[in-house]
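The structure appears right after this line, and notes come after that.
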Amino acid sequence: MERAASIDREPISGKRADFNPVIIKEDGGASLEDENAQESFLVRRLQAGDRQAFDLIFSRYVNQVYRQALKIMGNEADAEEVVQEVFLTVYEKAKGFRGRAAFSTWIYRVTLNAAVSRLRRQKKGETVDIEEYLPRFREDGHHLVRPVIDWSSGIEERLMDAEFQGIVREAIDQLPPVDKAVLLSDFDGFSNREIGEALGLSVQAVKARLHRGRLFLRGKLAVYSGYSPT
């Protein structure tokens with residue numbers, strides 16, 4: 001398992017290792033030339049313990065896994081540790097893949113759970129009172145602070161500012177691990193169903209965590225902009 005234990009620095013740094021579909025032949029005849037069409041064959045070979053199939057799957061997915069891990073972990077060292085955990089899991093537990101979803105979806109789930117588990121270990125004992133940044137309401141249901149100021153005009157331009165980007169990243173990092181994973185997965189375009197299946201949450205639970213995460217992020221940005229989060 002040397003390859004998974006010592007990740008090749010070149011593909012992680014942004015250069016995707018070339019996929020060579022001519023290496024493997026299913027029946028000793030025609031070469032495998034279409035990497036998308038032949039993924040199921042590679043997975044079957046991986047499940048049978050074929051190291052060459054693992055190398056090809058590693059080359060295909062290493063950058064995707066690294067990018068996802070980096071977004072959640074926030075630093076290269078932890079992201080690379082997650083990559084190693086993911087491909088060790090892929091190598092050891094591929095037989096458990098039943099094909100009910102795409103293999104890429106399974107890889108996404110493994111990556112998300114590996115990153116969340118590492119975050120939980122790192123954040124053990126840490127608490128951030130995110131309630132301070134969530135909206136508060138009077139008994140009649142109206143906003144506690146009036147008037148409610150729309151501070152978000154020009155937000156797209158401000159997101160180009162490095163300091164503002166740092167505030168956004170800091171706010172996201174303060175979310176509990178699962179909430180953080182939900183928010184970032186939503187940013188990446190995954191559906192509530194996909195996120196829920198990956199993390200063992202109901203769709204409603206995903207929606208609730210996503211709503212809470214967005215409100216917290218909005219509150220942090222409001223404070224940074226000089227306004228009340230409430």
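Scheme for the structure tokens: letters A, B, ... for chains in order shown; per-chain residue numbers from 1; ligand numbers from 1 in order shown.
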
Quick one: residues within 9 Å of A:Ile195, only C-alpha atoms counted, chain neighbours fewer than 5 positions away excluded, as an NGL selection string? :A and (109 or 181-182 or 185-186 or 190 or 200-201 or 203 or 206)

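Atom CA of A:Asn113 is found 23.7 Å from atom CA of A:Gly49.
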
Using only C-alpha atoms, which of A:Asn75, A:Thr89, A:Gln122, A:Gln38 sits nearest A:Phe58?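 Ranked by minimum distance to A:Phe58, first place goes to A:Thr89.
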
From the list A:Ile167, A:Leu199, A:Val65, A:Leu175, the nearest residue to A:Leu221 using only C-alpha atoms is A:Ile167

Here is a test: counting only C-alpha atoms, which residue of A:Arg120, A:Lys71, A:Lys220, A:Arg98 is nearest to A:Asp188? A:Lys71

At what distance in Å, to one decimal, does atom CA of A:Gly196 lie from atom CA of A:Phe54?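 Interatomic distance here is 27.5 Å.
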
Which residues come within 10 Å of A:Ser40, counting only C-alpha atoms, excluding same-chain residues fewer than 6 positions away, as a PDB file with N, CA and C atoms, in the first residue's frame?
```pdb
ATOM      1  N   LEU A  46     -10.309  -3.438  -9.070  1.00  0.00           N
ATOM      2  CA  LEU A  46      -9.862  -2.974  -7.760  1.00  0.00           C
ATOM      3  C   LEU A  46     -10.424  -3.876  -6.659  1.00  0.00           C
ATOM      4  N   GLY A  99     -22.244  -0.218  -5.903  1.00  0.00           N
ATOM      5  CA  GLY A  99     -22.652   0.325  -7.192  1.00  0.00           C
ATOM      6  C   GLY A  99     -24.024   0.946  -7.207  1.00  0.00           C
ATOM      7  N   ALA A 102     -22.831   6.333  -8.214  1.00  0.00           N
ATOM      8  CA  ALA A 102     -21.595   6.398  -8.988  1.00  0.00           C
ATOM      9  C   ALA A 102     -20.394   6.230  -8.069  1.00  0.00           C
ATOM     10  N   PHE A 103     -19.318   5.680  -8.592  1.00  0.00           N
ATOM     11  CA  PHE A 103     -18.105   5.505  -7.789  1.00  0.00           C
ATOM     12  C   PHE A 103     -17.580   6.858  -7.326  1.00  0.00           C
TER      13      PHE A 103
END
```

Atomic separation - atom CA of A:Tyr61 relative to atom CA of A:Val82, Å: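 Answer for the atom CA of A:Val82 to atom CA of A:Tyr61 separation: 13.2 Å.
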
Between A:Ser191, A:Ala222, A:Phe216, A:Phe164, which has the minimum distance to A:Thr105 (counting only C-alpha atoms)?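 Smallest separation from A:Thr105 among the options: A:Ser191.
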